[in-house]
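Text of the file model26.cif, holding mmCIF, C-alpha atoms:
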```
data_coords
loop_
_atom_site.label_atom_id
_atom_site.label_comp_id
_atom_site.auth_asym_id
_atom_site.auth_seq_id
_atom_site.Cartn_x
_atom_site.Cartn_y
_atom_site.Cartn_z
CA MET A 1 -2.47 15.35 -46.96
CA PHE A 2 -1.81 14.09 -43.45
CA GLU A 3 -1.59 10.35 -43.08
CA ARG A 4 -3.72 8.76 -40.41
CA SER A 5 -2.04 6.64 -37.79
CA ALA A 6 -2.88 2.99 -37.72
CA PRO A 7 -5.78 2.39 -35.29
CA GLY A 8 -3.86 -0.22 -33.30
CA LEU A 9 -0.83 2.04 -32.88
CA SER A 10 -2.97 4.98 -31.80
CA THR A 11 -4.86 2.87 -29.27
CA GLY A 12 -1.60 1.43 -27.95
CA ARG A 13 -0.11 4.87 -27.42
CA PHE A 14 -3.26 6.06 -25.67
CA SER A 15 -3.17 3.01 -23.41
CA VAL A 16 0.45 3.66 -22.46
CA SER A 17 -0.25 7.34 -21.80
CA LEU A 18 -3.24 6.41 -19.65
CA ARG A 19 -1.20 3.93 -17.62
CA VAL A 20 1.67 6.34 -17.10
CA GLY A 21 -0.67 9.19 -16.25
CA SER A 22 -2.55 7.07 -13.72
CA ALA A 23 0.72 5.94 -12.13
CA GLY A 24 1.84 9.57 -11.93
CA LEU A 25 -1.38 10.53 -10.17
CA ILE A 26 -0.86 7.78 -7.60
CA GLY A 27 2.69 8.97 -7.01
CA ALA A 28 1.50 12.55 -6.63
CA GLY A 29 -1.18 11.39 -4.21
CA LEU A 30 1.40 9.64 -2.06
CA LEU A 31 3.55 12.78 -2.04
CA VAL A 32 0.61 14.97 -1.03
CA ALA A 33 -0.37 12.52 1.71
CA ALA A 34 3.18 12.48 3.08
CA LEU A 35 3.33 16.28 3.08
CA GLN A 36 -0.04 16.47 4.81
CA LEU A 37 1.08 14.03 7.49
CA SER A 38 4.36 15.83 8.04
CA GLY A 39 2.48 19.07 8.73
CA ASP A 40 0.49 17.54 11.58
CA PRO A 41 1.89 17.60 15.13
CA GLY A 42 4.07 14.51 15.56
CA GLY A 43 3.34 13.40 12.02
CA SER A 44 6.89 13.32 10.67
CA ARG A 45 7.34 9.65 11.62
CA LEU A 46 4.08 8.75 9.88
CA ALA A 47 5.10 10.70 6.78
CA LEU A 48 8.49 9.00 6.65
CA SER A 49 6.87 5.59 7.11
CA LEU A 50 4.58 6.23 4.14
CA THR A 51 7.52 7.47 2.07
CA PHE A 52 9.79 4.54 2.90
CA GLY A 53 6.95 2.11 2.26
CA ALA A 54 6.35 3.62 -1.17
CA LEU A 55 10.03 3.44 -2.05
CA PHE A 56 10.21 -0.15 -0.80
CA GLY A 57 7.15 -1.17 -2.83
CA PHE A 58 8.55 0.47 -5.96
CA VAL A 59 11.90 -1.30 -5.56
CA LEU A 60 10.28 -4.68 -4.88
CA GLN A 61 7.99 -4.45 -7.90
CA ARG A 62 10.63 -3.18 -10.33
CA SER A 63 13.27 -5.74 -9.32
CA ARG A 64 10.77 -8.58 -8.63
CA PHE A 65 12.46 -8.99 -5.26
CA CYS A 66 10.60 -12.04 -3.97
CA PHE A 67 12.44 -14.59 -1.84
CA PHE A 68 10.35 -17.46 -3.20
CA CYS A 69 10.78 -16.55 -6.87
CA LEU A 70 14.48 -15.87 -6.55
CA TRP A 71 15.10 -19.14 -4.71
CA ARG A 72 12.95 -21.09 -7.19
CA ASP A 73 15.02 -19.71 -10.07
CA LEU A 74 18.12 -21.11 -8.38
CA ILE A 75 16.56 -24.55 -7.82
CA ASP A 76 14.78 -24.94 -11.15
CA ARG A 77 17.08 -23.17 -13.60
CA ARG A 78 20.34 -22.83 -11.71
CA ASP A 79 19.98 -19.10 -12.21
CA PRO A 80 21.91 -17.51 -9.30
CA ARG A 81 21.11 -13.88 -10.04
CA GLY A 82 18.21 -13.73 -7.59
CA ALA A 83 20.17 -15.37 -4.77
CA LEU A 84 23.04 -12.96 -5.43
CA GLY A 85 20.54 -10.09 -5.17
CA ILE A 86 19.54 -11.29 -1.70
CA LEU A 87 23.20 -11.46 -0.67
CA ALA A 88 23.75 -7.95 -2.06
CA ALA A 89 20.87 -6.63 0.05
CA LEU A 90 22.28 -8.24 3.17
CA ALA A 91 25.81 -6.96 2.51
CA ALA A 92 24.70 -3.37 1.83
CA GLY A 93 22.41 -3.37 4.86
CA ALA A 94 25.05 -4.88 7.14
CA VAL A 95 27.51 -2.12 6.24
CA GLY A 96 24.88 0.58 6.71
CA TYR A 97 23.67 -0.82 10.04
CA SER A 98 27.23 -1.00 11.37
CA VAL A 99 27.66 2.71 10.76
CA VAL A 100 24.32 3.60 12.38
CA LEU A 101 24.70 1.27 15.35
CA GLY A 102 28.28 2.40 15.95
CA ALA A 103 27.06 5.99 16.27
CA TRP A 104 24.09 5.13 18.50
CA LEU A 105 25.75 2.58 20.75
CA PRO A 106 29.55 3.05 20.57
CA ASP A 107 30.27 0.25 23.07
CA PRO A 108 28.32 -2.88 22.11
CA SER A 109 29.80 -5.05 24.86
CA GLY A 110 27.33 -4.04 27.57
CA VAL A 111 23.92 -5.44 28.38
CA ARG A 112 22.02 -2.99 26.18
CA LEU A 113 20.73 -3.89 22.74
CA PRO A 114 20.24 -1.40 19.89
CA PRO A 115 16.83 0.33 20.00
CA ASP A 116 14.09 -1.54 18.11
CA ALA A 117 16.57 -3.77 16.24
CA HIS A 118 15.23 -7.19 15.27
CA ILE A 119 17.34 -9.30 17.62
CA GLY A 120 15.42 -12.30 18.91
CA PRO A 121 15.88 -15.53 20.89
CA VAL A 122 17.78 -18.34 19.16
CA GLY A 123 16.43 -21.83 19.67
CA PRO A 124 14.42 -24.72 18.20
CA VAL A 125 11.16 -22.75 18.17
CA LEU A 126 12.72 -20.13 15.92
CA ALA A 127 13.92 -22.86 13.55
CA LEU A 128 10.41 -24.34 13.53
CA ALA A 129 8.93 -20.92 12.80
CA GLY A 130 11.35 -20.37 9.92
CA ALA A 131 10.59 -23.79 8.42
CA ALA A 132 6.84 -23.16 8.68
CA PHE A 133 7.26 -19.76 7.04
CA GLY A 134 9.26 -21.33 4.20
CA ALA A 135 6.59 -23.98 3.71
CA GLY A 136 3.98 -21.23 3.56
CA MET A 137 6.00 -19.48 0.88
CA ALA A 138 6.14 -22.64 -1.24
CA ILE A 139 2.40 -23.27 -0.91
CA SER A 140 1.17 -19.70 -1.40
CA GLY A 141 3.80 -18.74 -3.95
CA SER A 142 5.39 -15.78 -2.14
CA CYS A 143 6.51 -14.37 1.18
CA ILE A 144 4.34 -11.77 2.94
CA GLY A 145 6.24 -8.80 1.50
CA ALA A 146 5.90 -10.15 -2.04
CA HIS A 147 2.18 -10.84 -1.55
CA LEU A 148 1.79 -7.18 -0.61
CA TYR A 149 3.47 -5.88 -3.75
CA ARG A 150 1.66 -8.46 -5.86
CA LEU A 151 -1.57 -7.21 -4.37
CA GLY A 152 -0.69 -4.01 -6.22
CA GLU A 153 -0.25 -6.05 -9.41
CA GLY A 154 -3.72 -7.58 -9.14
CA SER A 155 -2.62 -11.05 -8.00
CA PRO A 156 -5.63 -13.36 -7.48
CA THR A 157 -3.78 -15.30 -4.76
CA ALA A 158 -2.40 -12.43 -2.66
CA PRO A 159 -5.67 -11.35 -0.97
CA PHE A 160 -6.33 -14.87 0.30
CA ALA A 161 -2.72 -15.34 1.37
CA LEU A 162 -2.93 -12.15 3.43
CA VAL A 163 -6.22 -13.25 5.01
CA GLY A 164 -4.57 -16.57 5.81
CA THR A 165 -1.62 -14.67 7.29
CA ALA A 166 -3.94 -12.86 9.71
CA LEU A 167 -5.51 -16.21 10.67
CA GLY A 168 -2.03 -17.66 11.15
CA PHE A 169 -1.19 -14.86 13.56
CA GLY A 170 -4.31 -15.73 15.53
CA LEU A 171 -3.18 -19.35 15.68
CA GLY A 172 0.28 -18.19 16.75
CA PHE A 173 -1.17 -16.29 19.70
CA LEU A 174 -2.92 -19.47 20.84
CA THR A 175 0.28 -21.54 20.75
CA TRP A 176 2.65 -18.84 22.03
CA ASN A 177 2.40 -19.48 25.78
CA THR A 178 3.08 -23.21 25.39
CA LEU A 179 6.13 -22.63 23.20
CA TYR A 180 7.39 -19.76 25.34
CA LEU A 181 7.28 -21.73 28.58
CA ALA A 182 8.74 -24.85 26.94
CA SER A 183 11.65 -23.25 25.10
CA ILE A 184 11.61 -19.58 24.14
CA SER A 185 11.91 -18.25 27.69
CA GLU A 186 15.31 -19.95 28.08
CA ALA A 187 16.61 -19.34 24.55
CA PRO A 188 19.64 -17.00 24.33
CA VAL A 189 19.44 -13.66 22.54
CA ILE A 190 22.70 -13.50 20.56
CA TRP A 191 23.88 -10.18 19.16
CA LEU A 192 27.16 -10.69 17.32
CA PRO A 193 28.66 -7.20 17.92
CA ARG A 194 28.41 -7.81 21.67
CA HIS A 195 30.85 -10.71 21.31
CA LEU A 196 32.93 -9.65 18.29
CA GLY A 197 32.62 -5.87 18.20
CA TYR A 198 31.20 -4.01 15.22
CA ALA A 199 34.23 -4.61 13.02
CA GLY A 200 34.43 -8.31 13.85
CA SER A 201 30.70 -8.83 13.36
CA LEU A 202 30.71 -7.01 10.03
CA LEU A 203 33.76 -8.91 8.78
CA LEU A 204 32.19 -12.24 9.76
CA THR A 205 28.91 -11.32 8.07
CA LEU A 206 30.60 -10.21 4.86
CA ALA A 207 32.84 -13.29 4.88
CA VAL A 208 29.85 -15.62 5.14
CA LEU A 209 28.00 -13.73 2.40
CA ALA A 210 31.10 -13.87 0.17
CA ALA A 211 31.48 -17.60 0.81
CA LEU A 212 27.87 -18.08 -0.29
CA ALA A 213 28.34 -15.85 -3.34
CA VAL A 214 31.51 -17.43 -4.78
CA PRO A 215 29.94 -20.72 -5.95
CA LEU A 216 26.89 -18.85 -7.23
CA LEU A 217 29.03 -16.59 -9.40
CA ARG A 218 30.22 -19.64 -11.33
CA TRP A 219 26.63 -20.28 -12.43
CA LEU A 220 26.08 -16.81 -13.83
CA PRO A 221 24.80 -17.06 -17.43
CA PRO A 222 26.70 -15.12 -20.10
CA SER A 223 25.36 -11.65 -20.77
CA ASP A 224 23.22 -11.50 -23.91
CA ALA A 225 23.17 -7.71 -24.13
CA SER A 226 25.20 -6.00 -26.84
CA PRO A 227 27.71 -3.45 -25.47
CA SER A 228 26.42 -0.90 -27.98
CA GLU A 229 22.77 -1.48 -27.08
CA ARG A 230 21.26 1.62 -25.50
CA VAL A 231 18.08 1.74 -23.47
CA ALA A 232 16.10 4.90 -22.78
CA PRO A 233 16.58 5.91 -19.12
CA LEU A 234 12.87 6.22 -18.37
CA ARG A 235 12.20 2.82 -19.87
CA ALA A 236 15.03 1.30 -17.83
CA VAL A 237 13.54 2.71 -14.62
CA PHE A 238 9.80 2.33 -15.15
CA VAL A 239 9.29 -0.46 -17.72
CA ASP A 240 12.18 -2.92 -17.88
CA ARG A 241 12.85 -5.24 -14.97
CA TRP A 242 15.72 -4.09 -12.81
CA PRO A 243 18.70 -6.38 -12.28
CA THR A 244 18.16 -8.19 -8.98
CA TRP A 245 21.54 -7.07 -7.66
CA LEU A 246 20.43 -3.46 -8.12
CA GLY A 247 17.19 -4.17 -6.29
CA GLY A 248 19.17 -5.85 -3.52
CA LEU A 249 21.47 -2.86 -3.07
CA ALA A 250 18.43 -0.57 -2.99
CA VAL A 251 16.75 -2.76 -0.36
CA GLY A 252 19.91 -2.66 1.77
CA ALA A 253 20.16 1.12 1.48
CA LEU A 254 16.46 1.58 2.27
CA GLY A 255 16.79 -0.72 5.26
CA THR A 256 19.56 1.46 6.65
CA LEU A 257 17.73 4.74 6.05
CA ALA A 258 14.47 3.39 7.46
CA TYR A 259 16.20 2.21 10.63
CA LEU A 260 17.99 5.55 10.98
CA ARG A 261 14.81 7.62 10.72
CA VAL A 262 11.83 5.38 11.65
CA GLY A 263 12.63 1.77 12.49
CA PRO A 264 13.78 -1.52 10.95
CA LEU A 265 12.12 -2.76 7.80
CA GLY A 266 9.20 -5.07 8.55
CA VAL A 267 5.78 -5.80 7.05
CA THR A 268 4.02 -7.87 9.71
CA ALA A 269 3.65 -5.55 12.72
CA GLU A 270 0.39 -4.03 11.46
CA ILE A 271 -1.05 -7.37 10.35
CA GLY A 272 -0.11 -8.96 13.67
CA GLY A 273 -1.38 -6.04 15.72
CA ARG A 274 -4.75 -5.96 13.98
CA ALA A 275 -5.03 -9.74 14.24
CA ARG A 276 -4.31 -9.50 17.97
CA GLN A 277 -6.92 -6.76 18.31
CA ALA A 278 -9.51 -8.85 16.47
CA SER A 279 -8.68 -11.95 18.53
CA ALA A 280 -9.10 -9.97 21.73
CA GLY A 281 -12.43 -8.58 20.52
CA LEU A 282 -13.68 -12.11 19.76
CA ASP A 283 -12.38 -13.35 23.13
CA LEU A 284 -9.97 -15.73 21.37
CA LEU A 285 -6.80 -14.29 22.86
CA PRO A 286 -5.15 -15.83 25.93
CA ALA A 287 -5.51 -13.72 29.06
CA ARG A 288 -1.75 -13.16 29.00
CA LEU A 289 0.87 -13.64 26.30
CA GLU A 290 3.92 -14.58 28.33
CA GLY A 291 6.96 -12.43 27.58
CA LEU A 292 5.84 -11.54 24.05
CA ASP A 293 5.88 -7.77 24.37
CA GLY A 294 9.36 -7.83 25.90
CA PHE A 295 11.02 -9.13 22.72
CA ARG A 296 12.31 -7.02 19.89
CA GLY A 297 11.02 -7.67 16.40
CA CYS A 298 7.81 -6.96 14.53
CA ALA A 299 5.70 -5.83 17.49
CA THR A 300 2.17 -7.19 17.66
CA ALA A 301 0.73 -4.80 20.23
CA ILE A 302 -2.98 -4.00 19.93
CA ARG A 303 -3.47 -0.95 17.73
CA ASP A 304 -5.65 1.85 19.14
CA ALA A 305 -4.74 4.47 16.53
CA ILE A 306 -6.17 4.35 13.03
CA LEU A 307 -2.90 5.48 11.46
CA THR A 308 0.25 3.71 12.57
CA PRO A 309 3.80 3.81 11.16
CA ASN A 310 3.77 0.20 9.95
CA GLY A 311 0.23 0.53 8.62
CA LEU A 312 1.26 3.52 6.50
CA PHE A 313 4.42 1.68 5.44
CA ILE A 314 2.25 -1.16 4.08
CA ALA A 315 -0.19 1.28 2.47
CA GLY A 316 2.68 3.04 0.71
CA LEU A 317 4.15 -0.30 -0.38
CA VAL A 318 0.91 -1.50 -1.99
CA ALA A 319 0.09 1.87 -3.60
CA ALA A 320 3.57 2.34 -5.07
CA SER A 321 3.73 -1.23 -6.38
CA PHE A 322 0.33 -0.62 -8.02
CA ALA A 323 1.66 2.54 -9.66
CA ALA A 324 4.85 0.79 -10.78
CA ALA A 325 2.87 -2.14 -12.21
CA LEU A 326 0.55 0.25 -14.07
CA ALA A 327 3.42 2.16 -15.65
CA ALA A 328 5.17 -1.06 -16.72
CA GLY A 329 2.00 -2.67 -18.06
CA GLU A 330 2.18 -5.38 -15.39
CA PHE A 331 -1.12 -4.73 -13.61
CA ARG A 332 -3.07 -7.82 -14.61
CA PRO A 333 -5.98 -8.52 -12.25
CA ALA A 334 -7.66 -11.90 -12.60
CA LEU A 335 -10.45 -13.80 -10.93
CA PRO A 336 -9.08 -16.35 -8.46
CA LYS A 337 -9.35 -20.05 -9.15
CA ARG A 338 -10.22 -22.60 -6.50
CA GLY A 339 -6.64 -23.82 -6.24
CA GLN A 340 -5.31 -20.29 -5.83
CA ILE A 341 -7.78 -19.62 -3.03
CA GLY A 342 -6.88 -22.82 -1.22
CA ARG A 343 -3.12 -22.45 -1.59
CA GLY A 344 -3.35 -18.79 -0.58
CA LEU A 345 -5.26 -19.53 2.62
CA VAL A 346 -3.25 -22.60 3.66
CA GLY A 347 0.09 -21.05 2.78
CA GLY A 348 -0.93 -17.79 4.42
CA ILE A 349 -1.76 -19.53 7.70
CA LEU A 350 1.74 -21.04 7.76
CA LEU A 351 3.23 -17.65 6.88
CA GLY A 352 1.33 -15.97 9.69
CA TRP A 353 2.11 -18.62 12.29
CA GLY A 354 5.78 -18.61 11.36
CA ALA A 355 5.99 -14.80 11.38
CA MET A 356 4.22 -14.50 14.74
CA THR A 357 6.27 -17.23 16.40
CA GLY A 358 9.53 -16.04 14.79
CA LEU A 359 8.82 -12.39 15.71
CA GLY A 360 8.94 -11.35 12.07
CA CYS A 361 9.15 -12.60 8.52
CA SER A 362 11.71 -12.73 5.70
CA VAL A 363 11.88 -8.92 5.77
CA GLY A 364 11.88 -8.32 9.53
CA THR A 365 13.58 -11.31 11.12
CA LEU A 366 15.83 -12.32 8.21
CA LEU A 367 16.79 -9.10 6.41
CA SER A 368 16.63 -6.61 9.28
CA GLY A 369 17.95 -9.18 11.74
CA ILE A 370 21.04 -10.15 9.77
CA MET A 371 21.73 -6.50 8.94
CA ALA A 372 21.70 -5.75 12.69
CA GLY A 373 24.07 -8.63 13.48
CA ALA A 374 21.44 -10.89 15.06
CA ALA A 375 22.10 -14.63 15.10
CA SER A 376 18.32 -15.09 15.04
CA GLY A 377 18.25 -13.74 11.48
CA TRP A 378 20.69 -16.41 10.29
CA LEU A 379 18.83 -19.26 11.97
CA PHE A 380 15.46 -18.10 10.66
CA GLY A 381 16.91 -17.74 7.15
CA VAL A 382 18.49 -21.21 7.05
CA ALA A 383 15.30 -22.81 8.38
CA MET A 384 13.14 -20.80 5.99
CA PHE A 385 15.04 -21.85 2.87
CA ALA A 386 15.14 -25.46 4.10
CA GLY A 387 11.37 -25.48 4.67
CA LEU A 388 10.79 -23.78 1.32
CA THR A 389 12.95 -26.27 -0.59
CA ALA A 390 11.55 -29.36 1.11
CA THR A 391 7.93 -28.28 0.65
CA LEU A 392 8.43 -27.24 -2.95
CA LEU A 393 10.11 -30.53 -3.94
CA ALA A 394 7.64 -32.68 -1.98
CA GLY A 395 4.68 -30.78 -3.37
CA ARG A 396 5.85 -31.25 -6.92
CA ARG A 397 6.50 -34.93 -6.39
CA LEU A 398 2.95 -35.31 -5.11
CA THR A 399 1.71 -33.00 -7.94
CA LEU A 400 0.24 -30.63 -5.37
CA LEU A 401 2.35 -27.62 -6.36
CA PRO A 402 3.17 -26.20 -9.82
#
```
Would you write the structure of this file as structure tokens?
Amino acid sequence: MFERSAPGLSTGRFSVSLRVGSAGLIGAGLLVAALQLSGDPGGSRLALSLTFGALFGFVLQRSRFCFFCLWRDLIDRRDPRGALGILAALAAGAVGYSVVLGAWLPDPSGVRLPPDAHIGPVGPVLALAGAAFGAGMAISGSCIGAHLYRLGEGSPTAPFALVGTALGFGLGFLTWNTLYLASISEAPVIWLPRHLGYAGSLLLTLAVLAALAVPLLRWLPPSDASPSERVAPLRAVFVDRWPTWLGGLAVGALGTLAYLRVGPLGVTAEIGGRARQASAGLDLLPARLEGLDGFRGCATAIRDAILTPNGLFIAGLVAASFAAALAAGEFRPALPKRGQIGRGLVGGILLGWGAMTGLGCSVGTLLSGIMAGAASGWLFGVAMFAGLTATLLAGRRLTLLP
């Protein structure tokens, strides 16, 4: 006689198989779409953008690489692993960028800047943009990149935060000319390799990152894993959360490869471009945005094409994070509550205004900027974490934030 399996066990196995199969279909669909794009004339850049976006979304979801969450762990629980993951991403990317930039522009001392690198003006407006972006992270619960991968997880807040981000870009366009004429136009654009050379810039960057890492290493909790404990490889990749340091190294490597083949990592160019297009269509855009299109960073030019590199990057990011969440059993859609809607919209507006004014977000201006040796990345990062910390602590004191 054959014994019947327990109903609950059978249902559970079917559910897992269904999730994994659905995730596999999404992955196969992304692969087919990339191959289709690569076969079209001039479509290789679009195909690579979709591929890099999918890889980026998978890495973000598996390692929970969210600037807000990682920083909150450090503040609330003195858990430094997330902050060390961010430093690992910056270190890996800085090394990779130095190799790429050294091959493309052997002499950095001239007037030229690396092509498309996120190197922006350094001044008080950038600090204000970073602080506003950090405040938006605290209120909405994530940065823009994390809202995108959480959209793939079914987050009830993410859709409203992204709508708020688009509105924030529109507000940024309205305030740009005033800020540009008052400060940005005279702010210096500081690229460290121009002054220190590639070796000097890289050594300085790694030294600063090491100085930040040393005190954090003292807070590392003891490992609770048994040396003899073995985990199935597929489970380690697709189910268990990755160590944040591993996610950070993967982000740094992806940043280098993306810059080498397509362009710097960034998640706001498409949002900003579509917001600019909508603002122009509603006659809400200033007749001229002074100097904006001359700066490097997450470009916000009006999009005429339906398919754009950054748009496909974002599509790949969301689709791959959805597939990763399905396979891991972390796709948990929920109806939004009133507080989630409000915090998403308000926080999103601050995120969008900060990203537009700072010419990028925590991915573009901070990660890609620091990797490229831009002083603007450091200033934006310091201001962002200061704004995040101040808003989070003040909001909790006033019982406005969880």
**Item:** Residues in the PyMOL selection byres ((chain A and resi 342-355) around 9), expressed as a PyMOL selection string
**Value:** chain A and resi 126+128-144+157-173+268+271-272+298+337-341+356-362+364-365+401
Residues near Trp219 (chain A), cut-off 9 Å, all atoms listed in the file, skip fewer than 4 positions along chain, as an mmCIF file with C-alpha atoms, in the coordinates of the input:
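Listing of result26.cif after writing:
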```cif
data_model
loop_
_atom_site.group_PDB
_atom_site.id
_atom_site.type_symbol
_atom_site.label_atom_id
_atom_site.label_comp_id
_atom_site.auth_asym_id
_atom_site.auth_seq_id
_atom_site.Cartn_x
_atom_site.Cartn_y
_atom_site.Cartn_z
ATOM 1 C CA ARG A 78 20.340 -22.830 -11.710
ATOM 2 C CA ASP A 79 19.980 -19.100 -12.210
ATOM 3 C CA PRO A 80 21.910 -17.510 -9.300
ATOM 4 C CA ARG A 81 21.110 -13.880 -10.040
ATOM 5 C CA PRO A 215 29.940 -20.720 -5.950
#
```
**Prompt:** Leaving out Val267 (chain A) and any residue of its chain fewer than 3 positions from it, which residues lie within 7 Å of it when counting all atoms listed in the file, given as an MDAnalysis selection string?
**Reply:** chainID A and resid 145 310 314 363
**Message:** Counting only C-alpha atoms, which residue out of A:Thr399, A:Ser201, A:Thr300, A:Thr391 sits closest to Ala374 (chain A)?
**Reply:** A:Ser201
**Message:** What does the structure give for the distance between CA of Gly197 (chain A) and CA of Pro124 (chain A), in Å to one decimal?
**Reply:** 26.2 Å
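Look at Leu70 (chain A): the protein and nucleic acid residues within 10 Å of it, using all atoms listed in the file and passing over chain neighbours fewer than 2 places away, are Arg64, Phe65, Cys66, Phe67, Phe68, Arg72, Asp73, Leu74, Ile75, Asp79, Pro80, Arg81, Gly82, Ala83, Leu84, Gly85, Ile86 and Thr244 of chain A.
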**Request:** Quick one: pull the distance between CA of Gly255 (chain A) and CA of Gly27 (chain A), Å, one decimal.
**Result:** 21.1 Å
Within 12 Å of Arg235 (chain A) using only C-alpha atoms, minus same-chain residues under 6 positions, as a short mmCIF file (atom, residue, chain, number, x, y, z; two decimals) with C-alpha atoms, in the frame of the given file:
```
data_model
loop_
_atom_site.label_atom_id
_atom_site.label_comp_id
_atom_site.auth_asym_id
_atom_site.auth_seq_id
_atom_site.Cartn_x
_atom_site.Cartn_y
_atom_site.Cartn_z
CA VAL A 20 1.67 6.34 -17.10
CA ARG A 62 10.63 -3.18 -10.33
CA ARG A 241 12.85 -5.24 -14.97
CA TRP A 242 15.72 -4.09 -12.81
CA ALA A 324 4.85 0.79 -10.78
CA ALA A 327 3.42 2.16 -15.65
CA ALA A 328 5.17 -1.06 -16.72
CA GLY A 329 2.00 -2.67 -18.06
#
```
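CA of Ala258 (chain A) lies 29.2 Å from CA of Gly387 (chain A).
Of the residues listed (A:Leu151, A:Ala394, A:Gly120, A:Leu30), A:Leu30 shows the shortest atom-to-atom separation from Ser49 (chain A); distances use all atoms listed in the file.
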